[in-house]
Structures are given as C-alpha cells and as structure tokens.
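Undergrad: For reference, the structure I am asking about is given below.
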Amino acid sequence: MTLVVAQEVPTSSIMAVPHGAVGVGMARRRMREELLASGVQDTVVDDAVLILSELLSNSCRHARPIYENGSPDYVTDPADPFSSGSIRASWQIDGHGRLTVAVTDGGGPTRPIPATPSITARGGRGLAIIRSLAKDWGVRESVPGEVTVWAVLTLADAFATRLDLSSALPPSLVAGLASGLPPELAFADFDDPM
C-alpha cells in the first residue's frame with residue numbers, strides 16, 4: 001500500500017534578492033521551482049521566469065535598491081550580498097487563472113517605457129519582450145520611494161492567447177490548423193505538384 005501525502009503548494013511568493021546580478025539568478029531558480037511545484041505549465045513557467053529576469057535586470061540597471069534602513073548611507077559589507085540594498089520579487093496566482101509577476105525597487109530617475117532600439121543596440125528590448133509575453137503590464141507607486149513594475153500572464157492556453165494567427169490566415173489554413181492533421185495532410189491543396 002502506498003501512502004500519498006497531500007502537500008500544500010503556495011499560490012504566491014515574495015522574496016528579497018540582492019540588488020545586482022546574483023539576485024536575478026536566485027529569484028529565477030526559486031520562482032521556477034515554486035511555479036512547477038504549483039502545477040503551472042512549463043511554457044508559462046518559462047515565460048514567467050523570462051519576464052522576472054527582464055524586470056530584475058531593468059531594476060538593477062535603472063533603479064535604486066530598497067534600503068532596509070531607508071538610507072543608502074550605511075556601510076556595506078562585501079560578505080553580505082544584501083548590505084548594498086535589495087529588490088523585492090513576487091508572484092501570485094489568482095482565482096481567475098492569472099499569474100502576476102512583480103518587481104519592486106527604490107525607483108530611478110525615469111519610469112519604464114518600451115523602447116525601439118536599433119538593430120545593433122545591445123539592449124532596450126526587455127519591455128518589448130514583456131509586452132509580447134504578458135496579457136498586461138504596468139508600473140505603480142504605492143509606497144513613497146518604491147516603484148513596482150508588474151506583468152500578468154494567463155495560465156490556460158498561454159501560447160494560444162499570446163499569438164492569434166487565425167485572423168491573418170486564409171480560412172482553409174485555419175481549418176487545417178484546427179483539424180490537428182500533420183501539415184502535409186492539412187495543407188494538401190497547397191502542395192506543389194513538382
């Protein structure tokens with residue numbers, strides 16, 4: 001006889017991570033583990049982890065950390081990654097099948113807005129990536145001195161809700177895609193006789 005023990009899996013999490021590259025990796029690993037343990041689809045987990053990475057990277061590059069004592073003037077300890085301040089990363093699954101990913105920092109001189117970088121630019125694509133993966137995203141300042149950037153993903157049919165090609169395809173192709181047939185059978189009328 002096998003004994004099965006029910007395990008309560010969290011539907012939300014908040015973590016303080018160091019303001020810097022080491023914090024990005026810590027948060028990515030923890031979020032991946034917790035979302036997978038919550039039963040979230042791999043594809044949604046991948047999108048959520050990518051969004052978290054972009055939000056944290058933007059925060060580390062463009063914003064100040066949140067200081068525990070409210071001031072950046074205290075002495076930092078090289079052995080303590082949190083002594084130079086931290087960032088709050090969080091996620092929450094609500095009752096409507098939505099996953100909200102958020103990063104809170106100490107703000108910066110500007111507010112996040114999507115950029116249109118040149119082809120050769122080394123950066124500037126993070127918010128465009130977030131916009132393409134998320135159902136919605138935004139910025140809020142609920143506590144003085146703190147800025148939160150958030151993004152919402154849908155847990156069900158993640159790819160289908162993110163990318164809707166059916167409106168741009170001819171009806172015969174949409175029917176072939178919906179049938180689930182292999183491409184060579186679904187699109188037989190488009191085969192080249194050569």
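To be explicit about the labels: the chains of the structure tokens are called A, B, and onward in the order shown, and within each one the residues are counted from 1, while ligands get numbers from 1 in the order they are shown.
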For Ser90 of chain A, work out the shell of residues within 8 Å, counting only C-alpha atoms and skipping chain neighbours fewer than 6 positions away, then give it as a PDB file with C-alpha atoms, in the first residue's frame.
TA:
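As written to disk, out-v7.pdb reads:
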ATOM      1  CA  SER A  12       2.131  33.340  -4.093  1.00  0.00           C
ATOM      2  CA  SER A  13       5.628  34.194  -3.013  1.00  0.00           C
ATOM      3  CA  ILE A  14       7.626  37.280  -2.094  1.00  0.00           C
ATOM      4  CA  MET A  15      11.400  37.244  -1.973  1.00  0.00           C
ATOM      5  CA  VAL A 101       4.915  38.724 -11.638  1.00  0.00           C
ATOM      6  CA  ALA A 102       6.188  41.906  -9.974  1.00  0.00           C
ATOM      7  CA  VAL A 103       9.480  43.557  -9.032  1.00  0.00           C
TER       8      VAL A 103
END
Undergrad: Find the residues near Ala63 of chain A: any atom within 10 Å, counting only C-alpha atoms, skip ones fewer than 6 places away on the same chain, and give them as a ChimeraX atom specification.
TA: /A:19,56-57,87,104-112,146-147
Undergrad: How close does segment 78-112 of chain A get to segment 32-48 of chain A? List, as a tab-separated table, each residue of segment 78-112 of chain A within 12 Å, its nearest atom pair and the distance in Å to one decimal, counting only C-alpha atoms.
TA:
residue	atom	partner	partner_atom	distance
A:Ala89	CA	A:Ala48	CA	11.9
A:Ser90	CA	A:Ala48	CA	11.0
A:Trp91	CA	A:Ala48	CA	9.0
A:Gln92	CA	A:Leu35	CA	9.7
A:Ile93	CA	A:Leu35	CA	9.4
A:Gly97	CA	A:Val40	CA	10.1
A:Arg98	CA	A:Val44	CA	10.5
A:Leu99	CA	A:Ala48	CA	8.2
A:Thr100	CA	A:Ala48	CA	8.7
A:Val101	CA	A:Ala48	CA	7.0
A:Ala102	CA	A:Ala48	CA	10.1
Undergrad: Based on DSSP run over this structure's backbone, return all residues of segment 125-155 of chain A in strand (DSSP E or B), as a list of chain:residue names.
TA: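 Residues of segment 125-155 of chain A classed as strand (DSSP E or B): A:Asp136, A:Trp137, A:Gly138, A:Val139, A:Arg140, A:Val147, A:Thr148, A:Val149, A:Trp150, A:Ala151, A:Val152, A:Leu153, A:Thr154.
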Undergrad: Of the candidates A:Ser142, A:Arg61, A:Leu50, A:Ser132, which shows the shortest atom-to-atom distance to Gly20 of chain A, using only C-alpha atoms?
TA: A:Arg61
Undergrad: So how far away is atom CA of Pro144 of chain A from atom CA of Glu54 of chain A, in Å?
TA: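 Separation of atom CA of Glu54 of chain A and atom CA of Pro144 of chain A: 23.5 Å.
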Undergrad: Of the candidates A:Ile66, A:Met31, A:Val24, A:Ala134, which one gets nearest to Ser53 of chain A if we count only C-alpha atoms?
TA: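 Among the listed residues, A:Val24 lies closest to Ser53 of chain A.
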